[in-house]
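Asker: Structure file my_file_16.csv, CSV, C-alpha atoms, is pasted below:
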```
chain,number,residue,atom,x,y,z
A,81,MET,CA,159.3,97.4,216.7
A,82,ALA,CA,160.2,101.0,217.5
A,83,ASP,CA,163.8,100.3,216.6
A,84,ALA,CA,162.8,98.8,213.2
A,85,ALA,CA,160.6,101.8,212.4
A,86,TYR,CA,163.4,104.2,213.3
A,87,ARG,CA,166.0,102.3,211.2
A,88,LYS,CA,163.7,102.1,208.2
A,89,SER,CA,162.9,105.9,208.5
A,90,ALA,CA,166.6,106.8,208.9
A,91,THR,CA,167.4,104.8,205.7
A,92,SER,CA,164.6,106.5,203.8
A,93,GLN,CA,165.8,109.9,205.1
A,94,GLU,CA,169.3,109.2,203.8
A,95,GLU,CA,168.0,108.3,200.4
A,96,LEU,CA,165.8,111.3,200.4
A,97,GLU,CA,168.7,113.6,201.3
A,98,GLU,CA,170.7,112.2,198.5
A,99,THR,CA,167.9,112.7,195.9
A,100,VAL,CA,167.0,116.1,197.2
A,101,ALA,CA,170.7,117.2,197.1
A,102,GLN,CA,170.9,116.1,193.5
A,103,THR,CA,167.6,117.8,192.6
A,104,ILE,CA,168.6,121.1,194.3
A,105,THR,CA,172.0,121.1,192.5
A,106,MET,CA,170.3,120.6,189.2
A,107,LEU,CA,167.7,123.3,189.9
A,108,ARG,CA,170.4,125.8,191.0
A,109,ALA,CA,172.3,125.1,187.8
A,110,ASP,CA,169.1,125.7,185.8
A,111,ILE,CA,168.6,129.0,187.6
A,112,GLU,CA,172.1,130.2,186.8
A,113,LYS,CA,171.6,129.2,183.2
A,114,LEU,CA,168.3,131.1,183.1
A,115,LYS,CA,170.0,134.1,184.6
A,116,LEU,CA,172.6,134.1,181.9
A,117,GLU,CA,170.0,133.7,179.2
A,118,ILE,CA,168.0,136.7,180.5
A,119,ALA,CA,171.2,138.8,180.7
A,120,GLY,CA,172.0,137.7,177.1
A,121,LYS,CA,168.6,139.0,176.0
A,122,GLU,CA,169.0,142.5,177.6
A,123,ALA,CA,170.2,144.1,174.4
A,124,GLU,CA,167.1,142.9,172.6
A,125,ALA,CA,164.9,144.0,175.5
A,126,LYS,CA,166.4,147.5,175.3
A,127,THR,CA,165.5,147.5,171.6
A,128,TRP,CA,161.9,146.9,172.5
A,129,ASP,CA,162.1,149.6,175.2
A,130,ALA,CA,163.2,152.0,172.5
A,131,LYS,CA,160.2,150.9,170.4
A,132,VAL,CA,157.9,151.6,173.4
A,133,ALA,CA,159.3,155.1,173.8
A,134,GLU,CA,158.9,155.7,170.1
A,135,SER,CA,155.4,154.4,169.9
A,136,LYS,CA,154.4,156.5,173.0
A,137,ALA,CA,155.9,159.6,171.5
A,138,LYS,CA,154.0,159.0,168.2
A,139,ALA,CA,150.7,158.4,170.1
A,140,ALA,CA,151.2,161.6,172.1
A,141,ALA,CA,152.0,163.6,168.9
A,142,ALA,CA,148.9,162.1,167.1
A,143,THR,CA,146.7,162.9,170.1
A,144,ALA,CA,148.0,166.5,170.2
A,145,LYS,CA,147.4,166.9,166.5
A,146,ALA,CA,143.9,165.5,166.8
A,147,THR,CA,143.2,168.0,169.6
A,148,GLU,CA,144.4,170.9,167.5
A,149,LEU,CA,142.4,169.8,164.4
A,150,LYS,CA,139.2,169.3,166.5
A,151,ALA,CA,139.7,172.8,168.0
A,152,ASN,CA,140.0,174.3,164.5
A,153,ALA,CA,137.0,172.4,163.3
A,154,ALA,CA,135.0,173.6,166.3
A,155,LYS,CA,135.9,177.2,165.4
A,156,GLY,CA,134.0,176.5,162.2
A,157,GLY,CA,131.1,175.0,164.1
A,158,ILE,CA,131.9,171.4,163.3
A,159,THR,CA,131.9,169.1,166.4
A,160,SER,CA,130.7,165.9,164.8
A,161,ILE,CA,130.3,164.3,161.4
A,162,THR,CA,128.1,161.7,159.7
A,163,SER,CA,129.7,158.3,159.1
A,164,GLY,CA,129.6,158.5,155.3
A,165,TRP,CA,131.4,161.9,155.1
A,166,LYS,CA,134.8,160.4,155.2
A,167,ALA,CA,134.0,158.1,152.3
A,168,ASN,CA,132.9,161.1,150.3
A,169,LEU,CA,136.1,162.9,151.0
A,170,GLN,CA,138.2,159.8,150.1
A,171,VAL,CA,136.5,159.6,146.7
A,172,ALA,CA,137.1,163.4,146.1
A,173,LEU,CA,140.7,163.0,147.0
A,174,LEU,CA,141.5,160.1,144.7
A,175,ASP,CA,143.6,162.3,142.5
A,176,GLY,CA,145.4,163.7,145.5
A,177,LYS,CA,143.9,167.2,145.4
A,178,LEU,CA,140.6,168.9,146.0
A,179,SER,CA,139.3,171.2,143.3
A,180,SER,CA,136.7,173.9,143.9
A,181,ALA,CA,134.2,171.8,142.0
A,182,GLU,CA,134.9,168.9,144.3
A,183,VAL,CA,134.5,171.2,147.4
A,184,THR,CA,131.1,172.2,146.0
A,185,GLN,CA,130.2,168.5,145.5
A,186,LEU,CA,131.2,167.7,149.0
A,187,ALA,CA,129.2,170.6,150.4
A,188,THR,CA,126.2,169.3,148.6
A,189,ALA,CA,126.8,165.7,149.7
A,190,TRP,CA,127.2,166.9,153.3
A,191,ALA,CA,124.2,169.2,153.2
A,192,THR,CA,126.4,172.2,154.2
A,193,THR,CA,128.0,175.2,152.7
A,194,ALA,CA,131.4,175.2,150.9
A,195,ASP,CA,133.0,177.4,153.7
A,196,LYS,CA,132.3,174.5,156.2
A,197,VAL,CA,134.1,171.9,154.1
A,198,PRO,CA,137.6,172.7,155.3
A,199,PHE,CA,136.4,172.4,158.9
A,200,ILE,CA,134.8,169.1,158.2
A,201,ILE,CA,138.0,167.9,156.6
A,202,GLU,CA,139.9,169.0,159.7
A,203,PHE,CA,137.4,167.0,161.9
A,204,ILE,CA,137.9,163.9,159.7
A,205,ALA,CA,141.7,164.3,159.9
A,206,ALA,CA,141.4,164.6,163.7
A,207,GLU,CA,139.5,161.3,163.8
A,208,ASP,CA,142.2,159.7,161.7
A,209,GLN,CA,144.9,161.1,164.1
A,210,LEU,CA,143.0,159.6,167.1
A,211,ARG,CA,142.9,156.2,165.3
A,212,ALA,CA,146.6,156.5,164.7
A,213,ALA,CA,147.2,157.4,168.3
A,214,ARG,CA,145.3,154.3,169.4
A,215,SER,CA,147.4,152.2,167.0
A,216,HIS,CA,150.6,153.6,168.4
A,217,GLU,CA,149.4,153.0,172.0
A,218,LEU,CA,148.7,149.3,171.1
A,219,ALA,CA,152.1,149.0,169.5
A,220,ALA,CA,153.7,150.5,172.7
A,221,ARG,CA,151.8,147.9,174.9
A,222,ASN,CA,152.9,145.1,172.6
A,223,SER,CA,156.5,146.2,172.8
A,224,GLU,CA,156.3,146.5,176.6
A,225,ARG,CA,155.0,142.9,176.7
A,226,LYS,CA,157.8,141.7,174.5
A,227,ALA,CA,160.5,143.5,176.6
A,228,ALA,CA,159.0,142.1,179.8
A,229,SER,CA,158.9,138.5,178.4
A,230,LEU,CA,162.6,138.8,177.5
A,231,ARG,CA,163.3,139.8,181.1
A,232,SER,CA,160.9,137.4,182.7
A,233,THR,CA,162.1,135.7,185.8
A,234,ASP,CA,159.0,133.5,186.2
A,235,LEU,CA,160.8,130.3,185.5
A,236,ILE,CA,163.6,131.2,187.9
A,237,LYS,CA,160.9,131.9,190.6
A,238,LEU,CA,159.3,128.5,189.9
A,239,LYS,CA,162.6,126.7,190.3
A,240,GLU,CA,163.3,128.6,193.5
A,241,ARG,CA,159.9,127.5,194.8
A,242,GLN,CA,160.8,123.9,193.9
A,243,ILE,CA,164.0,124.2,195.9
A,244,ALA,CA,162.2,125.6,198.9
A,245,SER,CA,159.6,122.8,198.6
A,246,ALA,CA,162.4,120.1,198.4
A,247,GLU,CA,164.1,121.7,201.5
A,248,THR,CA,160.8,121.7,203.4
A,249,ASN,CA,160.2,118.0,202.5
A,250,LEU,CA,163.8,117.2,203.7
A,251,SER,CA,163.2,119.0,207.0
A,252,LEU,CA,159.9,117.3,207.5
A,253,GLY,CA,161.6,113.9,206.9
A,254,ALA,CA,164.3,114.8,209.4
A,255,SER,CA,161.7,115.7,212.0
A,256,GLN,CA,160.0,112.4,211.5
A,257,VAL,CA,163.3,110.5,211.9
A,258,ASP,CA,164.0,112.5,215.1
A,259,SER,CA,160.5,111.7,216.4
A,260,LEU,CA,161.0,107.9,215.7
A,261,LYS,CA,164.4,108.1,217.4
A,262,ASP,CA,162.8,109.6,220.5
A,263,THR,CA,160.1,106.9,220.4
A,264,ARG,CA,162.7,104.3,220.2
A,265,GLY,CA,164.6,105.8,223.1
A,266,THR,CA,161.5,105.9,225.2
A,267,ALA,CA,160.7,102.3,224.3
A,268,CYS,CA,164.2,101.2,225.2
A,269,ALA,CA,164.1,103.0,228.5
A,270,VAL,CA,160.8,101.4,229.4
A,271,ARG,CA,162.1,98.0,228.5
A,272,VAL,CA,165.2,98.5,230.6
A,273,TRP,CA,163.1,99.7,233.5
A,274,ARG,CA,160.9,96.7,233.3
A,275,LEU,CA,163.9,94.4,233.3
A,276,MET,CA,165.2,96.1,236.4
A,277,VAL,CA,162.0,95.8,238.3
```
Translate this file's structure into structure tokens.
Answerer:
Amino acid sequence: MADAAYRKSATSQEELEETVAQTITMLRADIEKLKLEIAGKEAEAKTWDAKVAESKAKAAAATAKATELKANAAKGGITSITSGWKANLQVALLDGKLSSAEVTQLATAWATTADKVPFIIEFIAAEDQLRAARSHELAARNSERKAASLRSTDLIKLKERQIASAETNLSLGASQVDSLKDTRGTACAVRVWRLMV
């Protein structure tokens, strides 16, 4: 009985070794192919790296400009605006310029004096710069993700884990065969001893 169990286990182990060897060979070939694909995408990844740097530089410049504009607006006593003020300014600027009459109209609409209008305009421009900075920061993050996806080794790591798992299963199978071999040896020794007694 111990001999039959050992022989069956040994045969199964041989079949497992063959299957695992084929699987590991296939997985290693896949890994090499993936490495080549990743290397082939490096030029494109570097293009995205350049876009990251460009977007971050634009975000920093827009933030610096916003800081400067808000500081100038604060010198004129403007540290906040009402939500509708930007719409008023956009209407006044439809022709691309701001006449003195339009400045007076804006001052009236904003319930302020004409000398405060330039400071309000600077504050509005600062808010626009901050929105632009956020947009550039988002573009930088998106470009970083794109570059990272081109360099991703996640699939390689998965295949390496599959290889390790297959090797572990093979090792466990070999241990089981060894255990059955020991059991068979013990059973044979006991039988021989009994025959001798």
Asker: So, counting all atoms listed in the file, which residue among A:Asp129, A:Glu217, A:Glu94, A:Glu182 is closest to Gln170 of chain A?
Answerer: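 Smallest distance to Gln170 of chain A is found for A:Glu182.
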Asker: Between A:Ala191, A:Lys166, A:Glu97, A:Asn152, which has the minimum distance to Asn249 of chain A (counting all atoms listed in the file)?
Answerer: A:Glu97
Asker: Give as number ranges by chain the set of residues within 12 Å of the point (159.7, 138.3, 180.2), where distances use the file's coordinates and all atoms listed in the file.
Answerer: A: 114-115, 117-119, 121-122, 124-125, 128, 223-236
Asker: Could you state the separation of atom CA of Ile161 of chain A and atom CA of Phe203 of chain A in Å, given to one decimal place?
Answerer: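 Going from atom CA of Ile161 of chain A over to atom CA of Phe203 of chain A, I get 7.6 Å.
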Asker: Figure out the distance between atom CA of Ile111 of chain A and atom CA of Glu98 of chain A, please, to one decimal in Å.
Answerer: 20.1 Å
Asker: Between atom CA of Trp165 of chain A and atom CA of Trp190 of chain A, what distance in Å does the model show, to one decimal?
Answerer: 6.8 Å
Asker: Measuring between only C-alpha atoms, which one of A:Glu134, A:Glu207, A:Asp175, A:Glu240 shows the shortest distance to Thr147 of chain A?
Answerer: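 The answer is A:Glu207, which sits nearest to Thr147 of chain A.
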Asker: Hey, which of A:Ala123, A:Gln102, A:Thr91, A:Glu112 ends up closest to Lys239 of chain A? Count all atoms listed in the file.
Answerer: A:Glu112
Asker: Need to verify the contact set: Val183 of chain A, 9 Å, all atoms listed in the file, exclusion of same-chain residues closer than 6 positions in sequence. Can you return it as a count of residues only?
Answerer: 5
Asker: For Ala246 of chain A, list every protein, DNA or RNA residue within 9 Å, evaluated using only C-alpha atoms, and leave out those in the same chain fewer than 4 positions away; present the list as a CSV table (one decimal) with C-alpha atoms, keeping the file's coordinate frame.
Answerer:
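Wrote selection.csv, looks like this:
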```csv
chain,number,residue,atom,x,y,z
A,100,VAL,CA,167.0,116.1,197.2
A,101,ALA,CA,170.7,117.2,197.1
A,103,THR,CA,167.6,117.8,192.6
A,104,ILE,CA,168.6,121.1,194.3
A,241,ARG,CA,159.9,127.5,194.8
A,242,GLN,CA,160.8,123.9,193.9
A,250,LEU,CA,163.8,117.2,203.7
A,251,SER,CA,163.2,119.0,207.0
```
Asker: Between A:Lys126, A:Lys150, A:Lys113, A:Lys88, which one has atoms that come closest to Phe199 of chain A, using all atoms listed in the file?
Answerer: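 Smallest distance to Phe199 of chain A is found for A:Lys150.
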Asker: Which neighbours of Lys138 of chain A fall inside 9 Å, counting only C-alpha atoms, when residues of the same chain fewer than 5 positions from it are skipped, and could you give them as an MDAnalysis selection string?
Answerer: chainID A and resid 133 143 212:213 216:217
